[in-house]
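So this block is upload-v7.cif, mmCIF, C-alpha atoms:
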data_protein
#
loop_
_atom_site.label_atom_id
_atom_site.label_comp_id
_atom_site.auth_asym_id
_atom_site.auth_seq_id
_atom_site.Cartn_x
_atom_site.Cartn_y
_atom_site.Cartn_z
CA MET V 286 23.58 13.43 -2.65
CA ASP V 287 21.54 11.95 -5.53
CA THR V 288 19.11 9.40 -4.11
CA ARG V 289 17.37 8.50 -7.37
CA ILE V 290 17.39 4.85 -8.33
CA ASN V 291 18.59 3.87 -11.79
CA ARG V 292 15.93 1.91 -13.69
CA PRO V 293 16.96 -1.68 -14.37
CA THR V 294 16.92 -3.20 -17.85
CA PRO V 295 13.92 -5.56 -18.20
CA SER V 296 14.78 -9.26 -18.27
CA ASP V 297 12.55 -11.94 -19.77
CA ARG V 298 12.91 -13.98 -16.58
CA GLU V 299 10.49 -14.22 -13.70
CA VAL V 300 11.49 -13.54 -10.10
CA ASP V 301 11.77 -16.80 -8.18
CA TRP V 302 9.52 -16.10 -5.20
CA ASN V 303 7.24 -17.86 -2.73
CA LYS V 304 3.82 -17.23 -4.28
CA SER V 305 1.98 -17.92 -1.04
CA LYS V 306 3.42 -14.67 0.32
CA VAL V 307 1.42 -11.43 0.51
CA LEU V 308 3.29 -8.27 -0.48
CA LEU V 309 2.20 -5.15 1.40
CA SER V 310 2.98 -1.47 0.98
CA LYS V 311 1.67 1.85 2.18
CA THR V 312 2.00 5.09 0.22
CA ASP V 313 1.00 8.70 0.58
CA LYS V 314 -1.64 10.13 -1.76
CA LYS V 315 0.98 10.84 -4.44
CA GLY V 316 2.17 7.22 -4.44
CA THR V 317 5.40 7.73 -2.49
CA ILE V 318 6.30 4.57 -0.56
CA LEU V 319 6.06 5.02 3.22
CA TYR V 320 6.24 1.35 4.21
CA ALA V 321 6.89 -2.03 2.57
CA ASN V 322 6.73 -5.37 4.35
CA GLU V 323 9.59 -7.85 4.27
CA ASP V 324 8.02 -9.96 1.52
CA PHE V 325 7.55 -6.92 -0.74
CA ILE V 326 11.20 -5.97 -0.13
CA ASP V 327 12.43 -9.53 -0.83
CA VAL V 328 10.52 -9.91 -4.12
CA SER V 329 11.37 -6.40 -5.36
CA GLY V 330 15.08 -7.01 -4.80
CA TYR V 331 15.56 -3.52 -3.38
CA ASP V 332 16.77 -2.75 0.11
CA GLU V 333 14.23 -1.12 2.38
CA PHE V 334 16.10 2.21 2.33
CA GLU V 335 15.99 2.17 -1.49
CA LEU V 336 12.18 1.84 -1.52
CA VAL V 337 11.02 4.16 1.26
CA GLY V 338 10.62 7.71 -0.02
CA GLN V 339 10.58 6.59 -3.67
CA PRO V 340 7.56 6.74 -6.00
CA HIS V 341 5.77 3.39 -6.23
CA ASN V 342 6.46 3.27 -9.95
CA ILE V 343 10.02 2.27 -9.03
CA VAL V 344 8.71 -1.31 -9.57
CA ARG V 345 6.62 -0.53 -12.67
CA HIS V 346 7.36 -2.76 -15.64
CA PRO V 347 7.48 -1.15 -19.13
CA ASP V 348 5.17 -3.93 -20.41
CA MET V 349 2.32 -2.39 -18.41
CA PRO V 350 -0.15 -0.36 -20.51
CA LYS V 351 -0.74 3.14 -19.12
CA VAL V 352 -4.51 2.74 -19.47
CA ILE V 353 -4.58 0.19 -16.63
CA PHE V 354 -3.11 2.81 -14.28
CA LYS V 355 -5.61 5.37 -15.64
CA PHE V 356 -8.44 2.99 -14.69
CA LEU V 357 -6.81 2.58 -11.29
CA TRP V 358 -6.51 6.32 -10.61
CA ASP V 359 -10.00 7.07 -11.97
CA SER V 360 -11.44 4.58 -9.46
CA ILE V 361 -9.35 5.98 -6.63
CA LYS V 362 -10.45 9.55 -7.46
CA SER V 363 -14.04 8.30 -7.19
CA SER V 364 -13.11 6.99 -3.71
CA GLU V 365 -13.51 3.38 -4.84
CA ASN V 366 -11.19 0.62 -3.69
CA ILE V 367 -9.94 -1.36 -6.69
CA HIS V 368 -7.80 -4.37 -7.54
CA VAL V 369 -5.80 -4.76 -10.72
CA ILE V 370 -3.43 -7.31 -12.25
CA ILE V 371 0.00 -5.72 -12.57
CA LYS V 372 3.35 -6.80 -13.97
CA ASN V 373 6.08 -5.40 -11.74
CA MET V 374 9.84 -5.29 -12.25
CA ALA V 375 12.41 -6.14 -9.59
CA LYS V 376 15.76 -4.41 -9.17
CA THR V 377 17.35 -7.23 -11.18
CA GLY V 378 15.07 -6.47 -14.16
CA ARG V 379 13.13 -9.70 -13.62
CA TYR V 380 9.35 -9.53 -13.61
CA TYR V 381 6.62 -10.71 -11.22
CA TRP V 382 2.85 -10.66 -11.73
CA VAL V 383 0.50 -9.77 -8.88
CA VAL V 384 -3.13 -8.91 -8.33
CA THR V 385 -3.05 -5.78 -6.19
CA ASP V 386 -5.90 -4.60 -4.02
CA PHE V 387 -5.69 -0.86 -3.33
CA LYS V 388 -7.49 0.40 -0.25
CA ILE V 389 -7.93 4.12 0.30
CA ILE V 390 -6.71 5.66 3.56
CA ALA V 391 -8.78 8.73 4.44
CA ASP V 392 -8.55 11.27 7.25
CA THR V 393 -11.43 12.24 9.56
CA ASP V 394 -12.74 14.68 6.94
CA GLY V 395 -12.84 11.94 4.30
CA GLU V 396 -9.87 13.34 2.38
CA ILE V 397 -7.58 10.75 0.77
CA VAL V 398 -4.21 10.76 2.55
CA GLY V 399 -2.74 7.53 1.23
CA PHE V 400 -3.19 3.99 0.01
CA PHE V 401 -2.57 0.50 1.32
CA GLY V 402 -1.66 -2.11 -1.30
CA THR V 403 -2.05 -5.85 -0.79
CA ARG V 404 -0.52 -8.06 -3.49
CA LYS V 405 -0.95 -11.75 -4.19
CA SER V 406 0.30 -13.96 -7.00
CA VAL V 407 -1.84 -14.67 -10.06
CA PRO V 408 -2.11 -18.18 -11.58
CA ASN V 409 0.31 -18.37 -14.51
CA ASP V 410 -2.23 -19.78 -16.98
CA ILE V 411 -4.48 -16.73 -16.45
CA ILE V 412 -1.54 -14.44 -17.24
CA VAL V 413 -0.48 -16.39 -20.34
CA LYS V 414 -3.97 -17.02 -21.78
CA PHE V 415 -5.75 -13.77 -21.01
CA ILE V 416 -3.82 -10.92 -19.37
CA GLU V 417 -0.58 -10.88 -21.39
CA PRO V 418 -2.38 -10.90 -24.79
CA LEU V 419 -4.79 -8.15 -23.63
CA TYR V 420 -2.04 -5.95 -22.16
CA LYS V 421 0.19 -6.44 -25.21
CA LYS V 422 -2.67 -5.29 -27.46
CA LEU V 423 -3.38 -2.26 -25.24
CA LEU V 424 0.32 -1.34 -25.26
CA GLN V 425 0.48 -1.61 -29.07
CA ILE V 426 -2.60 0.63 -29.40
CA GLU V 427 -1.06 3.17 -26.98
CA GLU V 428 2.20 3.26 -28.91
CA THR V 429 0.40 3.70 -32.24
CA SER V 430 -2.66 5.82 -31.40
CA GLY V 431 -2.33 7.00 -27.77
CA ILE V 432 -3.90 6.25 -24.41
CA HIS V 433 -7.40 7.44 -25.43
CA ALA V 434 -7.57 4.81 -28.20
CA SER V 435 -6.29 2.20 -25.75
CA GLU V 436 -9.00 3.16 -23.26
CA GLU V 437 -11.72 2.96 -25.93
CA TYR V 438 -10.54 -0.54 -26.86
CA LEU V 439 -10.51 -1.69 -23.23
CA VAL V 440 -14.00 -0.26 -22.64
CA GLY V 441 -15.30 -2.15 -25.69
CA PHE V 442 -13.51 -5.34 -24.61
CA LEU V 443 -15.19 -5.15 -21.18
CA GLU V 444 -18.59 -4.18 -22.59
CA GLU V 445 -18.53 -7.29 -24.79
CA ARG V 446 -18.12 -9.34 -21.60
CA LYS V 447 -20.67 -7.23 -19.67
CA LYS V 448 -18.16 -6.71 -16.88
CA THR V 449 -16.19 -3.95 -15.25
CA TYR V 450 -12.41 -4.39 -15.18
CA MET V 451 -12.58 -5.60 -11.56
CA GLU V 452 -15.39 -8.05 -12.34
CA TYR V 453 -13.37 -9.39 -15.27
CA VAL V 454 -10.30 -9.90 -13.06
CA ASP V 455 -12.40 -11.56 -10.34
CA HIS V 456 -14.02 -13.85 -12.91
CA LEU V 457 -10.68 -14.89 -14.41
CA ILE V 458 -9.19 -15.69 -11.00
CA ALA V 459 -12.32 -17.54 -9.81
CA THR V 460 -12.92 -19.61 -12.96
CA GLY V 461 -9.75 -19.50 -15.06
CA LYS V 462 -11.97 -18.68 -18.07
CA ASP V 463 -12.78 -15.61 -20.14
CA ASP V 464 -16.33 -16.85 -20.93
CA LYS V 465 -16.86 -14.28 -23.68
CA ASN V 466 -18.86 -16.81 -25.73
CA LYS V 467 -21.01 -17.89 -22.81
CA ILE V 468 -22.00 -14.30 -22.16
CA SER V 469 -22.97 -13.67 -25.77
CA LYS V 470 -24.94 -16.93 -25.98
CA GLY V 471 -26.78 -16.17 -22.76
CA LEU V 472 -29.07 -18.83 -21.31
CA PHE V 473 -28.27 -21.39 -24.00
CA SER V 474 -24.53 -21.43 -23.33
CA GLY V 475 -24.69 -24.68 -21.38
CA LEU V 476 -26.38 -26.48 -24.28
CA PHE V 477 -23.99 -25.19 -26.92
CA ASP V 478 -20.89 -25.88 -24.84
CA LYS V 479 -21.82 -29.57 -24.65
CA ASN V 480 -21.71 -29.84 -28.43
CA PRO V 481 -18.14 -30.88 -29.34
CA SER V 482 -18.46 -29.35 -32.80
CA LYS V 483 -18.83 -25.89 -31.26
CA LYS V 484 -15.78 -24.06 -30.00
#
Let me see whether you can do it: turn the structure in this file into structure tokens.
Amino acid sequence: MDTRINRPTPSDREVDWNKSKVLLSKTDKKGTILYANEDFIDVSGYDEFELVGQPHNIVRHPDMPKVIFKFLWDSIKSSENIHVIIKNMAKTGRYYWVVTDFKIIADTDGEIVGFFGTRKSVPNDIIVKFIEPLYKKLLQIEETSGIHASEEYLVGFLEERKKTYMEYVDHLIATGKDDKNKISKGLFSGLFDKNPSKK
């Protein structure tokens, strides 16, 4: 019997979900889903039996640049927990944005045996103002010049802000601002920002 799931066609509509909920999943080291909590199941639109045993990319949205997952796996291979902002796709084709914290599950010898993912909603204005434009640009670069060019752009983007990807995400969620100009202006940023003629 063929147990593969057909990929849905992406819809430009968001999943209507309770954004106070926390979506949990556990995977093996290859990313195969071993467990998903009820909230994850509800938002994804899949039945539990359709998720368990499937690769986690069953909910991956085609709008996601590959370089974000490369950053994710590079951190995991370095045994670092990481959180990333991800656009997922439900069974209906609708999308939902989450910030996902990946924790490494290791055995007694320190070998990675799996991952535990905790997902929370991301404020919509952060997605619209900062994340969507960045991801769209990364995706365009990947389609034109490949993932290496996309990675070089992202590295430069983060270097300009003097932040790692995780620090950038944390800063956006905490402040709702990119603050690129403040960083480049340094100590004088407060003075300049009070001047209405400066943008």
So which residues are close to (-3.6, 6.4, -6.8), meaning at most 7 Å away in the file's coordinates with all atoms listed in the file counted, and can you show them as a VMD selection string? chain V and resid 314 to 316 357 to 358 361
Residues within 8 Å of range 339-341 of chain V, please, as a list in words. Count all atoms listed in the file; anything in the same chain fewer than 4 positions from it doesn't count. Arg289, Thr312, Lys315, Gly316, Thr317, Ile318, Glu335 and Arg345 of chain V
Any chance you could work out the residue set of the PyMOL selection byres ((chain V and resi 451) around 12) here, as an NGL selection string? :V and (353 or 356-357 or 360 or 365-370 or 384-387 or 443 or 447-450 or 452-458)
So that I can check the surroundings of Phe401 in chain V, please list as a list in words every protein, DNA and RNA residue that reaches within 6 Å of it, counting all atoms listed in the file and ignoring chain neighbours fewer than 6 positions away.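 Everything that qualifies: Ser310, Lys311, Phe387 and Lys388 of chain V.
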Contacts of range 411-413 of chain V at 7 Å (all atoms listed in the file; same-chain gap of 3+ positions) as an MDAnalysis selection string: chainID V and resid 408 416:417 457 461
Could you save the residues just selected, with C-alpha atoms, as a PDB file, keeping the file's coordinate frame?
ATOM      1  CA  PRO V 408      -2.110 -18.180 -11.580  1.00  0.00           C
ATOM      2  CA  ILE V 416      -3.820 -10.920 -19.370  1.00  0.00           C
ATOM      3  CA  GLU V 417      -0.580 -10.880 -21.390  1.00  0.00           C
ATOM      4  CA  LEU V 457     -10.680 -14.890 -14.410  1.00  0.00           C
ATOM      5  CA  GLY V 461      -9.750 -19.500 -15.060  1.00  0.00           C
TER       6      GLY V 461
END
Taking all atoms listed in the file into account, name the residue in V:Ile326, V:Ser363, V:Ser406, V:Ile389 that is nearest to Asn303 in chain V.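 When distances to Asn303 in chain V are compared using all atoms listed in the file, the smallest one comes from V:Ser406.
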When distances are computed from all atoms listed in the file, which of V:Gly395, V:Gly378, V:Gly402, V:Pro350 shows the smallest separation from Glu427 in chain V?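 Under the stated criterion, the closest residue is V:Pro350.
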Extract, using all atoms listed in the file, all DNA, RNA and protein residues at most 9 Å from Tyr438 in chain V, discarding same-chain residues fewer than 4 positions from it, and format them as a ChimeraX atom specification. /V:423,426,433-434,442-443
Coordinates-based distance that separates CA of Tyr420 in chain V from CA of Val440 in chain V (Å, one decimal):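 The value is 13.3 Å.
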As lines of an AutoDock Vina configuration file, please report the centre and edge lengths, rounded to one decimal in Å, of the axis-aligned box that holds all listed atoms of range 350-356 of chain V with 8 Å of padding on each of the six sides.
center_x = -4.3
center_y = 2.5
center_z = -17.4
size_x = 24.3
size_y = 21.7
size_z = 22.2
Just add N, CA, C and O atoms to range 319-341 of chain V and send it as a compact mmCIF listing (two decimals), in the frame of the given file.
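The file below, selection-v8.txt, is the result:
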# COMPACT_ATOMS: atom_id res chain seq x y z
N LEU V 319 5.81 4.71 1.80
CA LEU V 319 6.06 5.02 3.22
C LEU V 319 6.47 3.77 3.99
O LEU V 319 7.17 3.85 4.99
N TYR V 320 5.98 2.62 3.52
CA TYR V 320 6.24 1.35 4.21
C TYR V 320 6.13 0.21 3.21
O TYR V 320 5.27 0.23 2.32
N ALA V 321 7.00 -0.79 3.34
CA ALA V 321 6.89 -2.03 2.57
C ALA V 321 7.23 -3.18 3.51
O ALA V 321 8.17 -3.07 4.30
N ASN V 322 6.43 -4.24 3.46
CA ASN V 322 6.73 -5.37 4.35
C ASN V 322 7.91 -6.18 3.81
O ASN V 322 8.39 -5.96 2.68
N GLU V 323 8.38 -7.10 4.61
CA GLU V 323 9.59 -7.85 4.27
C GLU V 323 9.44 -8.63 2.96
O GLU V 323 10.38 -8.72 2.16
N ASP V 324 8.25 -9.18 2.74
CA ASP V 324 8.02 -9.96 1.52
C ASP V 324 8.06 -9.07 0.28
O ASP V 324 8.60 -9.47 -0.76
N PHE V 325 7.49 -7.88 0.37
CA PHE V 325 7.55 -6.92 -0.74
C PHE V 325 9.02 -6.59 -1.04
O PHE V 325 9.45 -6.59 -2.19
N ILE V 326 9.79 -6.32 0.01
CA ILE V 326 11.20 -5.97 -0.13
C ILE V 326 11.97 -7.12 -0.78
O ILE V 326 12.74 -6.92 -1.73
N ASP V 327 11.73 -8.35 -0.30
CA ASP V 327 12.43 -9.53 -0.83
C ASP V 327 12.16 -9.72 -2.33
O ASP V 327 13.09 -9.93 -3.12
N VAL V 328 10.88 -9.65 -2.72
CA VAL V 328 10.52 -9.91 -4.12
C VAL V 328 11.01 -8.78 -5.03
O VAL V 328 11.46 -9.03 -6.15
N SER V 329 10.95 -7.54 -4.53
CA SER V 329 11.37 -6.40 -5.36
C SER V 329 12.88 -6.39 -5.59
O SER V 329 13.36 -5.82 -6.58
N GLY V 330 13.63 -6.99 -4.67
CA GLY V 330 15.08 -7.01 -4.80
C GLY V 330 15.78 -5.75 -4.31
O GLY V 330 17.00 -5.66 -4.31
N TYR V 331 14.98 -4.76 -3.91
CA TYR V 331 15.56 -3.52 -3.38
C TYR V 331 15.75 -3.65 -1.87
O TYR V 331 15.04 -4.39 -1.20
N ASP V 332 16.68 -2.89 -1.34
CA ASP V 332 16.77 -2.75 0.11
C ASP V 332 15.67 -1.82 0.58
O ASP V 332 15.17 -0.99 -0.20
N GLU V 333 15.31 -1.94 1.84
CA GLU V 333 14.23 -1.12 2.38
C GLU V 333 14.51 0.38 2.19
O GLU V 333 13.64 1.14 1.78
N PHE V 334 15.75 0.79 2.43
CA PHE V 334 16.10 2.21 2.33
C PHE V 334 16.00 2.71 0.88
O PHE V 334 15.85 3.90 0.64
N GLU V 335 16.11 1.78 -0.08
CA GLU V 335 15.99 2.17 -1.49
C GLU V 335 14.53 2.38 -1.90
O GLU V 335 14.25 3.08 -2.87
N LEU V 336 13.61 1.75 -1.18
CA LEU V 336 12.18 1.84 -1.52
C LEU V 336 11.49 3.00 -0.82
O LEU V 336 10.73 3.75 -1.44
N VAL V 337 11.72 3.14 0.49
CA VAL V 337 11.02 4.16 1.26
C VAL V 337 11.41 5.55 0.77
O VAL V 337 12.59 5.87 0.61
N GLY V 338 10.38 6.36 0.48
CA GLY V 338 10.62 7.71 -0.02
C GLY V 338 10.64 7.79 -1.54
O GLY V 338 10.70 8.89 -2.11
N GLN V 339 10.58 6.63 -2.20
CA GLN V 339 10.58 6.59 -3.67
C GLN V 339 9.14 6.48 -4.20
O GLN V 339 8.27 5.95 -3.52
N PRO V 340 8.88 6.95 -5.41
CA PRO V 340 7.56 6.74 -6.00
C PRO V 340 7.33 5.24 -6.24
O PRO V 340 8.29 4.52 -6.54
N HIS V 341 6.07 4.81 -6.10
CA HIS V 341 5.77 3.39 -6.23
C HIS V 341 6.10 2.86 -7.62
O HIS V 341 6.32 1.66 -7.81
